[in-house]
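my_file.cif follows (mmCIF, C-alpha atoms):
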data_input
loop_
_atom_site.label_atom_id
_atom_site.label_comp_id
_atom_site.auth_asym_id
_atom_site.auth_seq_id
_atom_site.Cartn_x
_atom_site.Cartn_y
_atom_site.Cartn_z
CA LYS A 1 -20.88 -21.26 -0.21
CA LEU A 2 -17.89 -19.03 0.33
CA TYR A 3 -17.39 -17.94 -3.26
CA PRO A 4 -20.48 -17.66 -5.48
CA VAL A 5 -18.32 -17.92 -8.59
CA ALA A 6 -18.36 -20.80 -11.07
CA ASN A 7 -15.48 -23.31 -11.01
CA THR A 8 -14.01 -22.10 -7.73
CA PRO A 9 -13.12 -24.21 -4.67
CA GLU A 10 -15.32 -24.76 -1.65
CA SER A 11 -14.55 -23.19 1.73
CA ILE A 12 -11.23 -24.24 3.22
CA TYR A 13 -10.56 -24.21 6.95
CA ALA A 14 -7.05 -24.36 8.35
CA LEU A 15 -5.48 -24.33 11.80
CA GLY A 16 -3.45 -21.25 12.65
CA VAL A 17 -0.60 -21.49 15.13
CA LYS A 18 0.84 -18.56 17.09
CA GLU A 19 4.31 -18.72 18.58
CA LEU A 20 6.20 -16.44 20.94
CA TRP A 21 9.96 -16.63 20.63
CA GLU A 22 12.53 -15.27 23.05
CA VAL A 23 15.57 -13.92 21.23
CA SER A 24 18.66 -12.01 22.27
CA ALA A 25 18.68 -8.23 22.12
CA ALA A 26 21.37 -8.37 19.43
CA GLN A 27 18.90 -10.02 17.05
CA VAL A 28 16.19 -7.41 17.50
CA LYS A 29 15.87 -4.20 15.51
CA PRO A 30 13.96 -1.61 17.62
CA GLY A 31 10.69 -0.55 16.01
CA LEU A 32 10.68 -3.29 13.36
CA VAL A 33 7.22 -4.64 12.49
CA VAL A 34 7.06 -7.74 10.27
CA HIS A 35 3.68 -8.58 8.77
CA THR A 36 3.52 -12.02 7.23
CA ALA A 37 1.40 -15.12 6.77
CA GLY A 38 2.62 -18.68 6.42
CA TRP A 39 6.32 -18.00 6.96
CA PRO A 40 8.74 -19.82 6.79
CA MET A 41 6.97 -21.64 3.94
CA ASP A 42 7.15 -19.92 0.58
CA ASN A 43 4.31 -18.84 -1.71
CA ALA A 44 4.55 -22.07 -3.74
CA THR A 45 3.57 -24.14 -0.69
CA TYR A 46 -0.05 -24.35 0.45
CA GLY A 47 -0.53 -22.13 3.49
CA GLY A 48 2.80 -20.45 2.91
CA GLY A 49 3.85 -16.86 2.46
CA GLN A 50 6.86 -14.61 2.38
CA GLY A 51 8.48 -13.52 5.61
CA GLY A 52 8.17 -9.75 5.71
CA ASN A 53 5.44 -9.67 3.07
CA GLU A 54 7.04 -6.76 1.26
CA GLN A 55 3.97 -6.05 -0.86
CA TYR A 56 2.20 -4.43 2.11
CA HIS A 57 4.53 -1.51 2.81
CA ALA A 58 2.03 0.79 4.51
CA GLY A 59 -0.15 -1.87 6.14
CA PRO A 60 1.88 -2.73 9.28
CA THR A 61 2.59 0.93 10.03
CA ALA A 62 -1.06 1.92 9.64
CA LEU A 63 -2.20 -1.04 11.75
CA SER A 64 0.26 -0.07 14.51
CA LEU A 65 -0.89 3.56 14.47
CA TYR A 66 -4.54 2.51 14.57
CA ALA A 67 -3.90 0.25 17.58
CA LEU A 68 -1.97 2.96 19.44
CA LEU A 69 -4.65 5.59 18.86
CA LYS A 70 -7.44 3.21 19.92
CA CYS A 71 -5.42 2.52 23.10
CA LYS A 72 -5.61 6.28 23.77
CA GLN A 73 -2.02 7.14 22.95
CA PRO A 74 -1.99 10.89 22.22
CA LEU A 75 -1.74 12.00 18.61
CA LYS A 76 1.22 14.20 19.55
CA ASP A 77 3.23 11.15 20.66
CA PRO A 78 6.54 11.27 18.70
CA VAL A 79 6.15 7.66 17.54
CA ILE A 80 2.64 8.30 16.15
CA LYS A 81 3.70 11.57 14.55
CA LYS A 82 6.68 9.87 12.92
CA GLY A 83 4.47 7.06 11.64
CA PHE A 84 1.95 9.39 10.00
CA ASP A 85 4.71 11.54 8.52
CA PHE A 86 6.21 8.40 6.96
CA LEU A 87 2.87 7.36 5.47
CA TRP A 88 2.12 10.88 4.24
CA LYS A 89 5.45 11.19 2.45
CA LYS A 90 5.90 7.64 1.17
CA HIS A 91 2.47 5.98 0.97
CA LYS A 92 -0.16 8.68 0.62
CA LYS A 93 -1.82 6.48 -2.02
CA PRO A 94 -1.16 2.81 -1.13
CA ALA A 95 -1.19 0.05 -3.73
CA SER A 96 -3.47 -2.63 -2.22
CA SER A 97 -6.99 -2.63 -0.79
CA TYR A 98 -5.60 -3.94 2.51
CA GLU A 99 -3.26 -0.98 2.83
CA VAL A 100 -5.90 1.56 1.83
CA SER A 101 -8.41 0.12 4.32
CA MET A 102 -5.88 0.03 7.13
CA LEU A 103 -4.60 3.53 6.42
CA LEU A 104 -8.15 4.90 6.30
CA LEU A 105 -8.85 3.36 9.72
CA ALA A 106 -5.68 4.92 11.13
CA VAL A 107 -6.44 8.36 9.68
CA THR A 108 -10.04 8.39 10.95
CA ALA A 109 -8.85 7.24 14.39
CA THR A 110 -7.04 10.56 14.81
CA ALA A 111 -10.44 12.21 15.31
CA ASP A 112 -11.20 9.97 18.29
CA GLN A 113 -8.56 11.89 20.23
CA SER A 114 -10.73 15.01 20.32
CA LYS A 115 -13.79 12.92 21.22
CA MET A 116 -12.14 12.04 24.52
CA SER A 117 -12.01 15.62 25.78
CA ARG A 118 -14.33 16.52 28.67
CA THR A 119 -15.87 19.43 26.78
CA LEU A 120 -16.94 17.24 23.87
CA LYS A 121 -18.24 14.55 26.19
CA LYS A 122 -20.53 17.08 27.91
CA LYS A 123 -21.83 18.32 24.56
CA LYS A 124 -22.04 14.79 23.17
CA ALA A 125 -20.34 16.08 20.04
CA LYS A 126 -19.26 13.75 17.26
CA PRO A 127 -15.56 13.39 16.44
CA LYS A 128 -14.40 15.39 13.44
CA LEU A 129 -11.50 15.15 11.04
CA THR A 130 -9.72 18.36 10.23
CA GLY A 131 -6.79 19.59 8.19
CA ARG A 132 -4.73 17.15 6.19
CA TYR A 133 -6.40 14.16 7.84
CA ARG A 134 -9.80 15.15 6.45
CA GLN A 135 -8.43 15.62 2.94
CA TRP A 136 -6.43 12.40 3.21
CA ALA A 137 -9.42 10.36 4.37
CA GLY A 138 -11.58 11.66 1.53
CA LYS A 139 -9.03 10.57 -1.07
CA LEU A 140 -8.60 7.17 0.57
CA VAL A 141 -12.38 6.61 0.48
CA ASP A 142 -12.43 7.40 -3.25
CA GLN A 143 -9.49 5.09 -3.88
CA LEU A 144 -10.99 2.24 -1.86
CA VAL A 145 -14.33 2.48 -3.65
CA ASP A 146 -12.51 2.51 -7.01
CA MET A 147 -10.68 -0.70 -6.03
CA ARG A 148 -13.95 -2.53 -5.49
CA THR A 149 -14.75 -5.39 -7.86
CA ALA A 150 -18.38 -6.37 -8.53
CA ARG A 151 -19.50 -6.07 -4.91
CA GLY A 152 -16.48 -6.47 -2.68
CA TRP A 153 -12.70 -6.48 -2.36
CA ARG A 154 -9.64 -8.72 -2.39
CA TYR A 155 -6.22 -7.95 -0.86
CA ASN A 156 -4.80 -7.30 -4.30
CA TYR A 157 -2.86 -4.57 -5.94
CA GLN A 158 -5.09 -2.34 -8.01
CA GLY A 159 -5.50 -3.91 -11.43
CA GLN A 160 -4.28 -7.37 -10.37
CA GLN A 161 -6.41 -10.05 -12.00
CA GLY A 162 -7.09 -13.75 -11.62
CA ALA A 163 -7.12 -14.13 -7.84
CA PRO A 164 -7.88 -17.73 -6.77
CA GLY A 165 -11.38 -18.07 -5.34
CA GLY A 166 -12.97 -15.20 -7.19
CA PRO A 167 -12.73 -11.42 -7.36
CA GLU A 168 -13.79 -10.74 -3.76
CA ASP A 169 -13.75 -12.37 -0.32
CA LEU A 170 -15.26 -11.74 3.10
CA SER A 171 -11.99 -10.95 4.85
CA SER A 172 -11.03 -8.13 2.50
CA THR A 173 -14.61 -6.89 2.17
CA GLN A 174 -15.28 -6.68 5.90
CA LEU A 175 -12.06 -4.72 6.46
CA ALA A 176 -12.96 -2.31 3.66
CA ALA A 177 -16.49 -1.96 5.07
CA LEU A 178 -15.12 -1.18 8.53
CA ALA A 179 -12.85 1.50 7.08
CA LEU A 180 -15.66 3.05 5.02
CA PHE A 181 -17.95 3.03 8.06
CA ALA A 182 -15.29 4.86 10.07
CA ALA A 183 -15.16 7.49 7.32
CA GLU A 184 -18.97 7.80 7.35
CA ARG A 185 -18.76 8.61 11.06
CA MET A 186 -16.53 11.51 10.10
CA GLY A 187 -19.12 12.82 7.63
CA ILE A 188 -17.44 11.44 4.50
CA LYS A 189 -20.34 9.92 2.62
CA VAL A 190 -20.22 6.61 0.77
CA LYS A 191 -22.82 5.89 -1.90
CA LYS A 192 -25.78 3.79 -0.80
CA LYS A 193 -25.15 1.35 -3.65
CA VAL A 194 -21.76 0.43 -2.16
CA TRP A 195 -23.37 -0.56 1.15
CA GLU A 196 -26.14 -2.48 -0.61
CA ASP A 197 -23.59 -4.45 -2.61
CA ILE A 198 -21.57 -5.25 0.53
CA LEU A 199 -24.72 -6.57 2.24
CA SER A 200 -25.76 -8.56 -0.82
CA PHE A 201 -22.33 -10.18 -1.21
CA SER A 202 -22.03 -10.95 2.51
CA LEU A 203 -25.45 -12.57 2.72
CA GLU A 204 -24.64 -14.79 -0.25
CA GLN A 205 -21.76 -16.31 1.69
CA GLN A 206 -24.19 -17.88 4.15
CA ASP A 207 -24.65 -21.63 3.93
CA ASP A 208 -27.89 -22.85 2.37
CA ASP A 209 -29.01 -24.30 5.71
CA GLY A 210 -28.17 -21.12 7.65
CA ALA A 211 -30.69 -18.90 9.44
CA GLU A 212 -32.95 -16.68 7.36
CA VAL A 213 -31.72 -13.09 7.11
CA THR A 214 -33.64 -10.18 5.64
CA ILE A 215 -32.43 -6.68 4.82
#

Would you mind writing the structure in this file as structure tokens?
Amino acid sequence: KLYPVANTPESIYALGVKELWEVSAAQVKPGLVVHTAGWPMDNATYGGGQGGNEQYHAGPTALSLYALLKCKQPLKDPVIKKGFDFLWKKHKKPASSYEVSMLLLAVTATADQSKMSRTLKKKKAKPKLTGRYRQWAGKLVDQLVDMRTARGWRYNYQGQQGAPGGPEDLSSTQLAALALFAAERMGIKVKKKVWEDILSFSLEQQDDDGAEVTI
């Protein structure tokens, strides 16, 4: 029972296909990241989407920064610095829950850089956010919690209504939960009720014949 909401469709499973194309250098723009789903089919076609997915302006950049930092690229790397400067100036407060979650993950990942130092490893110290990153993460946590529906999230713009399948889904909710957990690691507290609602919603998605789970 994927969506415990009246008059909504049952779970739908689809096959995803990944392709790797070889193109000439003249057709490639250095540094371009295109985040899309379902292209080249349009939004009116089942399984389709818009190439480029312009609604998620900050998402691809934040995802790229998060991946680079988790791969131990230094925070002072010019590419990472440029990426965060872009997000700070243009998308300090993103529009969708996907973008907020992804940006929060990227911002909290900056603290993992200090965790790698030998001194901190010996002391077994926890990573800490400082400066603008700490302030930024705190505001993103508040925004993400405010974007929550009854118990979870959808990849919608704030205030967007009438999403097919109900007001929340597991994909959006698990990404938001991961981002909030990363913030908790940095000492930015999230209310207990938020976690309880995430657990309650997630457990309700289990099939009736699934294994028993207790909290």

- [ ] Measuring atom to atom with all atoms listed in the file, identify which of A:Val141, A:Ala183, A:Leu68, A:Ala95 is nearest to A:Pro127.
- [x] A:Ala183

- [ ] Give me the residues within 12 Å of A:Trp136 as a PyMOL selection string, counting only C-alpha atoms and dropping any in the same chain fewer than 5 places off.
- [x] chain A and resi 84+87-89+91-94+100+103-108+110+129-131+141-143+183+188

- [ ] Take atom CA of A:Arg132 and atom CA of A:Lys81 and report the distance between them in Å, one decimal.
- [x] 13.1 Å

Task: Nearest to A:Asp197, chosen from A:Glu184, A:Asp209, A:Glu22, A:Glu168, with only C-alpha atoms counted in the distances - done: A:Glu168

Task: Closest of A:Ala182, A:Val79, A:Met147, A:Ala58 to A:Pro167 - atom-to-atom distances counting only C-alpha atoms - done: A:Met147

Task: Counting only C-alpha atoms, the option among A:Thr149, A:Thr173, A:Gln135, A:Gln73 closest to A:Ser202 - done: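 Under the stated criterion, the closest residue is A:Thr173.
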
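Using the PyMOL selection byres ((chain A and resi 171) around 10) on this structure selects Tyr98, Gly152, Trp153, Arg154, Tyr155, Glu168, Asp169, Leu170, Ser172, Thr173, Gln174, Leu175 and Ala176 of chain A.
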
Which residues are near A:Glu212? Cut-off 12 Å, only C-alpha atoms, ignore same chain within fewer than 6 positions. Put them as a PDB file with C-alpha atoms, keeping the file's coordinate frame.
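Output saved as out13.pdb:
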ATOM      1  CA  LEU A 203     -25.450 -12.570   2.720  1.00  0.00           C
ATOM      2  CA  GLU A 204     -24.640 -14.790  -0.250  1.00  0.00           C
ATOM      3  CA  GLN A 206     -24.190 -17.880   4.150  1.00  0.00           C
TER       4      GLN A 206
END

Task: Separation of atom CA of A:Lys90 from atom CA of A:Thr61, in Å and rounded to one decimal - done: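 Going from atom CA of A:Lys90 over to atom CA of A:Thr61, I get 11.6 Å.
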
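Residue nearest A:Arg148, chosen from A:His57, A:Arg134, A:Lys128, A:Lys193 and counting only C-alpha atoms: A:Lys193.
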
Task: Atomic separation - atom CA of A:Ser101 relative to atom CA of A:Ala211, Å - done: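 Between atom CA of A:Ala211 and atom CA of A:Ser101 the gap is 29.7 Å.
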